[in-house]
Amino acid sequence: MNPLLEQFLSEARDFLHGIAEKLMQLENDPGSTPVMNELFRLVHTLKGNSGLFEFPEMTRVLHAGEDLLDAVRDGRVGYSQELTDRLLDAMDFVNLLVDEIESNDGAIGSDHAQNALRLAESLRQLIGVTAVEVKAPVAEASQASSVHNMPELPRLAELPEQQRMALYREALAGDTLLFVEYTPEQECFFKGEDPFHQARQIPDVVWQSVLPREPWSAPAELDAYHCNLVFNALTTAAPEELYELFRYTPEQLRIVPLPPIVLALPHGDPNGGPVYGDFVTDALGRLDTGDMAGLESVARTMLELSSPSLWLSSGLRWLLLVLELEPGNRYAQRTLIESLGSLTLPVWTTPETAVEADSELVGERFSEADARAFADILQAQREILGLPDSDAWLPGRLNAAATALAACQRSAGRIEALPTLEAALAEALDSVEAAPLLAWLDAHAPLDRSATAESEAEAAPMQVRNALIDVESDNKFGRRVEDSYVGPKTLKVDQDKIDNLMGLIGEMVVAKNSLPYLASRAETQYGVRELGREIKTQYAVINRIAEEMQDAIMQVRMMPVSFVFQRFPRLVRDTSRKLAKEVNLILEGENTEADKNIVEALADPLIHIVRNSLDHGIETPEVRRAAGKPPAGRLTIRATQEADRVYIEISDDGKGIDPTIIKRKAYEKGIIDESTMERLSDQEAVNLVFAAGFSTAEVISDLSGRGVGMDVVRSAVEKVNGTVSLESELGKGTLIRLSLPLSMAVTNVMIVESDKQIFGVPMDMVVETVRVSRSAIRTIKKRQTTVLRGRIVPLLALNELLAIDAEPYANEDDELATLVVRVHEEHVGIVVDDFRETVDIILKPMAGIIGGLGGYSGSALLGDGSVLMVLNPRELV
Amino acid sequence: MAKTILVVDDSALIRTSVTQHLKNGGFTVETADDGLNALNMLKAGLKPDLMITDINMPNMNGIELIQSTRALPEFRFMPILVMTTESQQTMRDEAKQLGATGWVVKPVGGELLMSIIKKVLPGA
Amino acid sequence: MAITYQKKVALFQDAVGAEEAEGLLEWLLKNPKSQLNFADCRHLHAANLQVMMAVKPVIAVWPKDAKLRTWLESALK
């Protein structure tokens with residue numbers, strides 16, 4: 001899989017976790033702006049990332065989610081549980097897609113498109129009509145701005161006459177002439193703008209000028225950074241090009257399409273010579289009678305009589321040119337002749353509006369952006385209506401679409417279309433199909449460029465993706481990004497790499513352990529005591545470094561338990577809603593860290609415990625009220641660290657466990673016999689829930705009663721060398737405590753000897769080592785026991801447990817070496833022949849046939865190369 | 001001399017993609033993963049010719065970054081582009097108001113990115 | 001790049017940024033009879049342009065780039 005996609009998937013999971021978490025937080029605190037903003041950011045970024053690849057289904061849903069959140073953030077849509085529900089559903093869907101992309105080698109099956117549409121629709125429904133209504137004022141605003149766009153004539157007279165005349169010819173030949181006036185904001189320099197650079201990019205400029213906006217202040221008082229410029233240009237460029245160029249500051253741009261005649265502005269010396277009043281009358285008379293040849297003739301004569309620099313001459317030149325090029329434009333000709341009489345500039349009326357993006361779809365009063373928004377809304381309705389008619393909720397969908405369309409029409413001021421829309425809706429509802437509405441939509445808003453725009457938009461990610469793929473093949477670019485000033489603070493490393501490191505340090509520990517053997521051989525076998533001592537000194541150094549290294553690697557593998565905790569808010573919420581219970585979840589110590597394997601191993605047992613607690617522990621609000629408790633139950637999950645162990649406590653204030661029921665059940669299931677039932681203390685009875693095959697659920701619910709009980713929890717916890725205990729008070733609540741090692745990679749074992757073989761016993765199970773005098777051993781009910789520190793401890797011989805046919809070996813004082821281990825919170829003495837040292841080992845689970853053997857938790861390699869079998873007293877005893 | 005562009009985005013993916021386009025366009029690229037880091041880089045002496053920043057980022061968002069950057073005398077006039085998605089019209093306007101030069105709509109292809117940069121960066 | 005100030009001539013090189021405008025204004029005020037040389041200039045920021053429009057210095061050499069020259073002439077002539 002392509003590395004970028006991998007990165008995307010890995011990030012996507014993080015984002016989805018974050019989104020779920022924030023949604024939960026939002027539920028508890030719907031008004032929180034930081035949470036809302038963060039939530040929006042997460043959804044937004046994930047959407048952005050998904051857009052880099054071709055996952056339209058994912059992007060569609062996320063986009064809808066983003067829009068919805070945006071609306072909530074702006075206060076356009078209120079917060080509701082429904083909203084959280086739909087968003088969670090949507091994120092579940094995205095999660096599903098992420099999984100599928102990963103397992104399906106980067107592709108999403110085509111069968112998700114409908115779900116994506118439906119989910120996006122369900123999210124958009126929540127924004128739905130509101131969004132359209134909000135649009136309306138925008139439309140009014142843009143109408144106001146089009147008044148502002150009413151052009152006053154540019155200072156065209158500044159353009160030399162000759163040039164204007166040349167332009168006049170060109171413009172008549174077909175090039176639309178645009179006058180561009182660009183007035184940058186006074187503070188624009190402080191926004192990184194360079195208006196001169198901007199102006200220079202205006203294409204096809206035929207004339208330009210730069211003028212001060214206000215008269216220049218004295219140079220000494222000039223503020224160089226207060227922009228006082230106005231740029232004017234005449235261009236034959238297309239208006240779209242200009243709007244594109246000025247897309248960041250459209251309000252500073254004025255574009256006036258000029259009818260060529262506006263260039264006809266006489267200029268020059270107004271007082272230079274005689275103006276024959278009868279010339280004007282004569283000329284007008286000829287014009288009225290259509291004597292064009294005569295008109296041209298008198299104008300030419302007049303021009304010859306006048307000095308070329310005169311205003312009059314200029315006017316005559318224009319008249320002649322207009323007569324030549326626009327012989328039919330009587331209006332222009334008359335205006336020019338009249339202006340010659342009055343010696344005032346002709347007043348050319350310019351077209352009413354500046355060039356606006358055409359938006360025939362929704363009427364002229366909408367800006368391009370509005371038009372696009374409308375097109376989007378219409379397109380969305382089209383897609384919704386295009387969904388299969390067989391869905392049971394079709395009427396709801398039809399109504400929603402019709403409402404949205406009606407709102408569009410109202411905003412666009414097309415009230416006349418509403419009755420036909422209503423008729424179409426009625427017809428659609430009657431016939432239970434979307435077709436009539438679709439037909440209406442086609443008639444009133446034909447599929448147009450909005451569709452093309454969409455297909456372009458869809459094509460864009462493809463390009464990006466292709467470009468990205470090229471990136472990977474070209475490694476030399478990879479460097480510089482990493483060279484940034486502030487490097488990333490966290491690295492994402494594949495777990496395999498850490499595991500590899502872990503394996504290596506394990507081998508190092510083992511290799512290091514061979515040094516003491518070497519030292520003693522140097523001494524005893526080769527008789528070089530000096531060397532032996534030196535090896536020991538070196539060993540101490542290597543040992544220290546190895547330990548630190550091991551520690552450091554452990555640290556890398558540490559992760560906060562929040563990794564597991566973060567799923568609980570959602571779990572508790574969903575479960576309690578399903579059970580119609582009210583539950584406040586309190587999470588504490590989420591930052592407590594433990595080895596990744598441990599934290600991961602915690603997940604399933606914890607989920608089971610929490611489900612149990614919700615299902616059997618916490619009562620319904622009515623029951624709670626009757627019992628004098630607050631209606632909402634409390635579930636606390638707390639993580640703490642003490643020395644090298646992590647404790648997780650799950651407590652609730654529910655109904656607790658009734659020991660009598662437990663005893664009865666256990667008896668009925670044959671787990672205990674009658675006499676045991678009589679004898680068991682309440683605490684012991686409660687602990688029976690951990691017995692295999694025990695499940696207390698009166699009714700098997702679909703939550704926790706799946707035939708697995710607390711015994712599964714216990715064995716899962718024990719698998720990572722953890723323990724679980726339970727305390728419960730009837731009517732008050734239950735507390736379950738998990739105790740787990742911080743890490744499991746390196747195990748400290750004590751080596752014991754029995755029948756000339758050595759075995760390892762995990763140190764965390766060893767309570768103490770004692771030598772028990774044979775005389776202190778009593779046989780109670782056929783079992784050998786002794787009393788240690790006021791406690792009866794059963795004794796078991798290791799040889800016997802392992803079916804080794806040999807008697808325990810006692811020392812000279814007739815004492816038996818006894819290893820006291822803790823098994824299920826009970827102390828058991830294991831009689832061995834002798835104790836040896838403790839060593840750190842890397843425990844390897846046993847594979848193959850011996851893997852099936854009970855009683856062993858694994859094997860390890862010792863420093864001298866021999867194999868140590870490590871016992872699992874829990875299974876052994 | 002190649003112009004330097006600082007790209008700020010919390011998504012490594014977007015950073016990588018934009019960086020690649022820019023490098024292909026002959027620019028020197030520096031990257032930061034949030035506003036705070038970007039600001040620190042500027043304060044530490046980085047002098048880009050253009051900054052392109054995302055809006056929604058942890059620690060310091062793009063809007064705050066723009067404001068803080070404009071407050072530094074040597075970056076009063078630097079062109080700044082914000083990267084937004086299609087739907088973030090209000091954000092764009094706010095950013096523009098507070099000192100951004102323009103915006104880029106994500107996801108963006110290399111050619112389009114180059115043409116946008118040419119528009120705001122004289123001599124690019 | 002920047003502006004190089006010689007005795008009576010300011011040389012504009014490459015693309016001159018907004019930062020230079022204040023210095024240019026100061027220099028023009030201090031050296032009223034100075035001239036500007038745009039021979040190696042590809043662009044100048046609008047801030048510099050308006051300083052020149054306000055102070056109206058003598059242009060010794062116009063830019064080689066014809067379009068830039070036209071714009072400058074339309075502003076300064």
# chains A, B, ... in the order shown; residues from 1 in each chain; ligands from 1

$ closest_atom_pairs --of "chain C" --to "chain A" --cutoff "8 Å" --atoms "only C-alpha atoms" --output "CSV"
residue,atom,partner,partner_atom,distance
C:Ala18,CA,A:Phe189,CA,7.7
C:Ala21,CA,A:Ala224,CA,6.2
C:Glu22,CA,A:Ala224,CA,6.0
C:Leu25,CA,A:Ala224,CA,7.4
C:Leu29,CA,A:Ala220,CA,7.1
C:His43,CA,A:His197,CA,7.6
C:Leu44,CA,A:Phe196,CA,7.7
C:His45,CA,A:Asp194,CA,5.8
C:Ala46,CA,A:Phe196,CA,4.8
C:Ala47,CA,A:Ala224,CA,5.8
C:Asn48,CA,A:Ala224,CA,7.4
C:Leu49,CA,A:Phe196,CA,7.8
C:Gln50,CA,A:Leu229,CA,7.0
C:Val51,CA,A:Ala224,CA,6.0
C:Ala54,CA,A:Trp216,CA,5.7
C:Val55,CA,A:Pro219,CA,5.7
C:Lys67,CA,A:Arg200,CA,8.0
C:Leu68,CA,A:Arg200,CA,7.5
C:Trp71,CA,A:Gln208,CA,6.8
C:Ser74,CA,A:Ser209,CA,5.0
C:Ala75,CA,A:Val210,CA,4.7

$ atom_distance --atom1 "CA of Ile202 (chain A)" --atom2 "CA of Val180 (chain A)"
9.0 Å

$ closest_residue --among "A:Val43, A:Met763, A:Leu571, A:Val528" --to "chain B" --atoms "only C-alpha atoms"
A:Val43

$ residues_around --residues "Ser115 (chain B)" --least-positions-apart "2" --cutoff "12 Å" --atoms "only C-alpha atoms" --output "mmCIF file with N, CA, C and O atoms, in the first residue's frame"
data_model
loop_
_atom_site.group_PDB
_atom_site.id
_atom_site.type_symbol
_atom_site.label_atom_id
_atom_site.label_comp_id
_atom_site.auth_asym_id
_atom_site.auth_seq_id
_atom_site.Cartn_x
_atom_site.Cartn_y
_atom_site.Cartn_z
ATOM 1 N N GLN A 201 -0.802 42.476 -13.386
ATOM 2 C CA GLN A 201 -1.250 41.184 -13.903
ATOM 3 C C GLN A 201 -2.534 41.284 -14.711
ATOM 4 O O GLN A 201 -3.021 40.299 -15.246
ATOM 5 N N GLU A 244 -11.272 36.478 -11.609
ATOM 6 C CA GLU A 244 -10.377 35.464 -11.072
ATOM 7 C C GLU A 244 -9.142 36.131 -10.467
ATOM 8 O O GLU A 244 -8.705 35.799 -9.375
ATOM 9 N N LEU A 245 -8.612 37.100 -11.175
ATOM 10 C CA LEU A 245 -7.412 37.796 -10.692
ATOM 11 C C LEU A 245 -7.692 38.536 -9.385
ATOM 12 O O LEU A 245 -6.870 38.568 -8.480
ATOM 13 N N HIS B 21 4.305 19.961 -4.262
ATOM 14 C CA HIS B 21 3.940 20.864 -5.354
ATOM 15 C C HIS B 21 4.884 22.064 -5.396
ATOM 16 O O HIS B 21 5.318 22.479 -6.460
ATOM 17 N N LEU B 22 5.163 22.594 -4.208
ATOM 18 C CA LEU B 22 5.987 23.792 -4.145
ATOM 19 C C LEU B 22 7.412 23.496 -4.595
ATOM 20 O O LEU B 22 8.026 24.275 -5.314
ATOM 21 N N GLY B 25 7.666 23.356 -8.049
ATOM 22 C CA GLY B 25 7.603 24.691 -8.623
ATOM 23 C C GLY B 25 8.879 25.484 -8.387
ATOM 24 O O GLY B 25 8.935 26.664 -8.706
ATOM 25 N N VAL B 104 -6.307 29.600 -0.507
ATOM 26 C CA VAL B 104 -6.221 28.470 -1.397
ATOM 27 C C VAL B 104 -7.287 27.491 -0.923
ATOM 28 O O VAL B 104 -7.414 27.260 0.264
ATOM 29 N N VAL B 108 -5.594 21.132 -3.314
ATOM 30 C CA VAL B 108 -5.171 21.974 -4.420
ATOM 31 C C VAL B 108 -4.119 21.251 -5.263
ATOM 32 O O VAL B 108 -3.244 20.579 -4.741
ATOM 33 N N GLY B 109 -4.235 21.361 -6.544
ATOM 34 C CA GLY B 109 -3.269 20.752 -7.448
ATOM 35 C C GLY B 109 -2.080 21.668 -7.654
ATOM 36 O O GLY B 109 -2.128 22.851 -7.326
ATOM 37 N N GLY B 110 -1.003 21.113 -8.186
ATOM 38 C CA GLY B 110 0.229 21.856 -8.339
ATOM 39 C C GLY B 110 0.094 23.074 -9.231
ATOM 40 O O GLY B 110 0.548 24.163 -8.890
ATOM 41 N N GLU B 111 -0.566 22.904 -10.356
ATOM 42 C CA GLU B 111 -0.646 24.001 -11.317
ATOM 43 C C GLU B 111 -1.411 25.188 -10.740
ATOM 44 O O GLU B 111 -0.982 26.331 -10.831
ATOM 45 N N LEU B 112 -2.551 24.845 -10.137
ATOM 46 C CA LEU B 112 -3.390 25.891 -9.554
ATOM 47 C C LEU B 112 -2.631 26.605 -8.439
ATOM 48 O O LEU B 112 -2.622 27.833 -8.356
ATOM 49 N N LEU B 113 -1.944 25.816 -7.617
ATOM 50 C CA LEU B 113 -1.195 26.395 -6.506
ATOM 51 C C LEU B 113 -0.162 27.387 -7.042
ATOM 52 O O LEU B 113 -0.003 28.491 -6.523
ATOM 53 N N ILE B 117 0.116 31.386 -6.285
ATOM 54 C CA ILE B 117 1.306 31.981 -5.677
ATOM 55 C C ILE B 117 1.859 33.098 -6.549
ATOM 56 O O ILE B 117 2.236 34.162 -6.065
ATOM 57 N N LYS B 118 1.887 32.866 -7.838
ATOM 58 C CA LYS B 118 2.383 33.907 -8.756
ATOM 59 C C LYS B 118 1.590 35.191 -8.588
ATOM 60 O O LYS B 118 2.103 36.283 -8.758
ATOM 61 N N LYS B 119 0.314 35.035 -8.242
ATOM 62 C CA LYS B 119 -0.529 36.219 -8.122
ATOM 63 C C LYS B 119 -0.164 37.059 -6.923
ATOM 64 O O LYS B 119 -0.332 38.267 -6.947
ATOM 65 N N VAL B 120 0.270 36.397 -5.849
ATOM 66 C CA VAL B 120 0.518 37.180 -4.640
ATOM 67 C C VAL B 120 2.001 37.405 -4.362
ATOM 68 O O VAL B 120 2.338 38.200 -3.504
ATOM 69 N N LEU B 121 2.840 36.710 -5.077
ATOM 70 C CA LEU B 121 4.261 36.815 -4.768
ATOM 71 C C LEU B 121 5.005 37.428 -5.959
ATOM 72 O O LEU B 121 5.292 36.737 -6.930
ATOM 73 N N PRO B 122 5.297 38.707 -5.892
ATOM 74 C CA PRO B 122 5.992 39.344 -7.016
ATOM 75 C C PRO B 122 7.335 38.668 -7.260
ATOM 76 O O PRO B 122 8.033 38.324 -6.317
ATOM 77 N N ALA B 124 7.820 35.742 -8.384
ATOM 78 C CA ALA B 124 7.828 34.279 -8.265
ATOM 79 C C ALA B 124 7.753 33.643 -9.641
ATOM 80 O O ALA B 124 7.133 34.179 -10.537
#

$ residues_around --residues "Phe75 (chain B)" --least-positions-apart "3" --cutoff "12 Å" --atoms "only C-alpha atoms" --output "PyMOL selection string"
(chain A and resi 189-192) or (chain B and resi 39+42-43+45-51+65-72+78-80+99-100) or (chain C and resi 17-19)

$ write_last_selection --atoms "N, CA and C atoms" --output "PDB file, in the first residue's frame"
ATOM      1  N   PHE A 189      -1.250  47.042   2.331  1.00  0.00           N
ATOM      2  CA  PHE A 189       0.149  46.588   2.404  1.00  0.00           C
ATOM      3  C   PHE A 189       0.347  45.651   3.597  1.00  0.00           C
ATOM      4  N   PHE A 190      -0.443  45.905   4.633  1.00  0.00           N
ATOM      5  CA  PHE A 190      -0.298  45.100   5.851  1.00  0.00           C
ATOM      6  C   PHE A 190      -1.056  43.787   5.761  1.00  0.00           C
ATOM      7  N   LYS A 191      -1.578  43.515   4.596  1.00  0.00           N
ATOM      8  CA  LYS A 191      -2.189  42.218   4.372  1.00  0.00           C
ATOM      9  C   LYS A 191      -1.383  41.449   3.339  1.00  0.00           C
ATOM     10  N   GLY A 192      -0.166  41.906   3.150  1.00  0.00           N
ATOM     11  CA  GLY A 192       0.706  41.200   2.212  1.00  0.00           C
ATOM     12  C   GLY A 192       0.364  41.465   0.763  1.00  0.00           C
TER      13      GLY A 192
ATOM     14  N   LEU B  39       5.129  30.212  14.319  1.00  0.00           N
ATOM     15  CA  LEU B  39       5.488  31.517  14.874  1.00  0.00           C
ATOM     16  C   LEU B  39       6.887  31.475  15.483  1.00  0.00           C
ATOM     17  N   LEU B  42       9.431  31.697  12.819  1.00  0.00           N
ATOM     18  CA  LEU B  42       9.582  33.072  12.325  1.00  0.00           C
ATOM     19  C   LEU B  42      10.399  33.892  13.314  1.00  0.00           C
ATOM     20  N   LYS B  43      10.095  33.682  14.594  1.00  0.00           N
ATOM     21  CA  LYS B  43      10.822  34.437  15.615  1.00  0.00           C
ATOM     22  C   LYS B  43      12.275  34.015  15.683  1.00  0.00           C
ATOM     23  N   GLY B  45      14.097  33.421  13.278  1.00  0.00           N
ATOM     24  CA  GLY B  45      14.905  33.975  12.193  1.00  0.00           C
ATOM     25  C   GLY B  45      14.573  33.473  10.804  1.00  0.00           C
ATOM     26  N   LEU B  46      13.627  32.594  10.685  1.00  0.00           N
ATOM     27  CA  LEU B  46      13.229  32.161   9.352  1.00  0.00           C
ATOM     28  C   LEU B  46      12.575  33.349   8.651  1.00  0.00           C
ATOM     29  N   LYS B  47      12.945  33.564   7.409  1.00  0.00           N
ATOM     30  CA  LYS B  47      12.385  34.716   6.704  1.00  0.00           C
ATOM     31  C   LYS B  47      11.799  34.250   5.369  1.00  0.00           C
ATOM     32  N   PRO B  48      10.617  33.647   5.425  1.00  0.00           N
ATOM     33  CA  PRO B  48      10.029  33.165   4.176  1.00  0.00           C
ATOM     34  C   PRO B  48       9.518  34.327   3.331  1.00  0.00           C
ATOM     35  N   ASP B  49       9.378  34.076   2.043  1.00  0.00           N
ATOM     36  CA  ASP B  49       8.813  35.086   1.163  1.00  0.00           C
ATOM     37  C   ASP B  49       7.294  34.999   1.159  1.00  0.00           C
ATOM     38  N   LEU B  50       6.809  33.851   1.601  1.00  0.00           N
ATOM     39  CA  LEU B  50       5.363  33.637   1.598  1.00  0.00           C
ATOM     40  C   LEU B  50       5.052  32.586   2.656  1.00  0.00           C
ATOM     41  N   MET B  51       3.908  32.759   3.301  1.00  0.00           N
ATOM     42  CA  MET B  51       3.487  31.731   4.255  1.00  0.00           C
ATOM     43  C   MET B  51       2.119  31.202   3.808  1.00  0.00           C
ATOM     44  N   LEU B  65      -2.270  32.822  14.158  1.00  0.00           N
ATOM     45  CA  LEU B  65      -0.923  32.878  13.581  1.00  0.00           C
ATOM     46  C   LEU B  65      -0.787  34.113  12.705  1.00  0.00           C
ATOM     47  N   ILE B  66      -1.807  34.391  11.907  1.00  0.00           N
ATOM     48  CA  ILE B  66      -1.742  35.559  11.022  1.00  0.00           C
ATOM     49  C   ILE B  66      -1.615  36.825  11.848  1.00  0.00           C
ATOM     50  N   GLN B  67      -2.432  36.906  12.899  1.00  0.00           N
ATOM     51  CA  GLN B  67      -2.379  38.114  13.727  1.00  0.00           C
ATOM     52  C   GLN B  67      -1.012  38.279  14.388  1.00  0.00           C
ATOM     53  N   SER B  68      -0.511  37.149  14.928  1.00  0.00           N
ATOM     54  CA  SER B  68       0.788  37.238  15.610  1.00  0.00           C
ATOM     55  C   SER B  68       1.890  37.557  14.622  1.00  0.00           C
ATOM     56  N   THR B  69       1.786  37.021  13.413  1.00  0.00           N
ATOM     57  CA  THR B  69       2.821  37.263  12.417  1.00  0.00           C
ATOM     58  C   THR B  69       2.825  38.724  11.987  1.00  0.00           C
ATOM     59  N   ARG B  70       1.646  39.260  11.780  1.00  0.00           N
ATOM     60  CA  ARG B  70       1.557  40.658  11.351  1.00  0.00           C
ATOM     61  C   ARG B  70       2.086  41.603  12.432  1.00  0.00           C
ATOM     62  N   ALA B  71       2.074  41.120  13.677  1.00  0.00           N
ATOM     63  CA  ALA B  71       2.568  41.954  14.770  1.00  0.00           C
ATOM     64  C   ALA B  71       4.093  42.020  14.777  1.00  0.00           C
ATOM     65  N   LEU B  72       4.742  41.114  14.049  1.00  0.00           N
ATOM     66  CA  LEU B  72       6.202  41.140  13.980  1.00  0.00           C
ATOM     67  C   LEU B  72       6.598  42.100  12.858  1.00  0.00           C
ATOM     68  N   MET B  78       4.630  40.552   4.418  1.00  0.00           N
ATOM     69  CA  MET B  78       4.772  39.231   3.789  1.00  0.00           C
ATOM     70  C   MET B  78       3.401  38.734   3.310  1.00  0.00           C
ATOM     71  N   PRO B  79       3.338  38.233   2.091  1.00  0.00           N
ATOM     72  CA  PRO B  79       2.064  37.648   1.658  1.00  0.00           C
ATOM     73  C   PRO B  79       1.766  36.382   2.452  1.00  0.00           C
ATOM     74  N   ILE B  80       0.514  36.242   2.856  1.00  0.00           N
ATOM     75  CA  ILE B  80       0.092  35.049   3.588  1.00  0.00           C
ATOM     76  C   ILE B  80      -1.153  34.482   2.899  1.00  0.00           C
ATOM     77  N   GLY B  99      -5.537  40.098   7.952  1.00  0.00           N
ATOM     78  CA  GLY B  99      -4.190  40.243   7.416  1.00  0.00           C
ATOM     79  C   GLY B  99      -3.735  39.203   6.420  1.00  0.00           C
ATOM     80  N   ALA B 100      -4.610  38.264   6.066  1.00  0.00           N
ATOM     81  CA  ALA B 100      -4.208  37.307   5.040  1.00  0.00           C
ATOM     82  C   ALA B 100      -4.297  37.987   3.675  1.00  0.00           C
TER      83      ALA B 100
ATOM     84  N   GLY C  17      10.968  45.186  -2.497  1.00  0.00           N
ATOM     85  CA  GLY C  17       9.857  44.925  -1.583  1.00  0.00           C
ATOM     86  C   GLY C  17       9.344  46.158  -0.874  1.00  0.00           C
ATOM     87  N   ALA C  18       8.239  45.969  -0.158  1.00  0.00           N
ATOM     88  CA  ALA C  18       7.595  47.074   0.550  1.00  0.00           C
ATOM     89  C   ALA C  18       8.497  47.647   1.632  1.00  0.00           C
ATOM     90  N   GLU C  19       9.345  46.795   2.221  1.00  0.00           N
ATOM     91  CA  GLU C  19      10.217  47.231   3.309  1.00  0.00           C
ATOM     92  C   GLU C  19      11.082  48.428   2.898  1.00  0.00           C
TER      93      GLU C  19
END

$ residues_around --residues "Lys77 (chain C)" --least-positions-apart "2" --cutoff "10 Å" --atoms "only C-alpha atoms" --output "PyMOL selection string"
chain C and resi 53+56+59+72-75

$ write_last_selection --atoms "C-alpha atoms" --output "PDB file, in the first residue's frame"
ATOM      1  CA  MET C  53       4.563  59.469  -7.288  1.00  0.00           C
ATOM      2  CA  LYS C  56       8.443  62.923  -8.331  1.00  0.00           C
ATOM      3  CA  ILE C  59      14.186  58.753 -13.621  1.00  0.00           C
ATOM      4  CA  LEU C  72       5.720  53.339 -14.437  1.00  0.00           C
ATOM      5  CA  GLU C  73       5.458  56.009 -17.095  1.00  0.00           C
ATOM      6  CA  SER C  74       1.709  56.192 -16.659  1.00  0.00           C
ATOM      7  CA  ALA C  75       2.251  56.769 -12.960  1.00  0.00           C
TER       8      ALA C  75
END

$ interface_residues --of "chain B" --to "chain A" --cutoff "8 Å" --atoms "only C-alpha atoms" --output "NGL selection string"
:B and (11 or 13-14 or 16-17 or 19-20 or 23 or 29-33 or 37 or 41 or 56-58 or 70 or 76-80 or 85 or 87 or 96 or 98-103 or 106-110 or 119-120 or 122)

$ residues_around --residues "Ala10 (chain C)" --least-positions-apart "2" --cutoff "12 Å" --atoms "only C-alpha atoms" --output "PyMOL selection string"
chain C and resi 2-8+12-13+16+20+23-25+27-28+31-41+52+57-61

$ atom_distance --atom1 "CA of Leu263 (chain A)" --atom2 "CA of Leu159 (chain A)"
8.9 Å

$ residues_around --residues "Pro327 (chain A)" --least-positions-apart "4" --cutoff "12 Å" --atoms "only C-alpha atoms" --output "list in words"
Leu287, Gly290, Asp291, Met292, Ala293, Leu295, Glu296, Leu319, Leu320, Leu321, Val322, Leu323, Tyr331, Ala332, Gln333 and Arg334 of chain A

$ atom_distance --atom1 "CA of Ala511 (chain A)" --atom2 "CA of Tyr526 (chain A)"
20.9 Å

$ closest_residue --among "B:Gly62, B:Gly35, B:Gly26, B:Pro73" --to "chain C" --atoms "only C-alpha atoms"
B:Pro73

$ select_by_dssp --residues "region 18-103 of chain B" --states "strand (DSSP E or B)" --output "VMD selection string"
chain B and resid 28 to 32 50 to 54 80 to 84 102 to 103
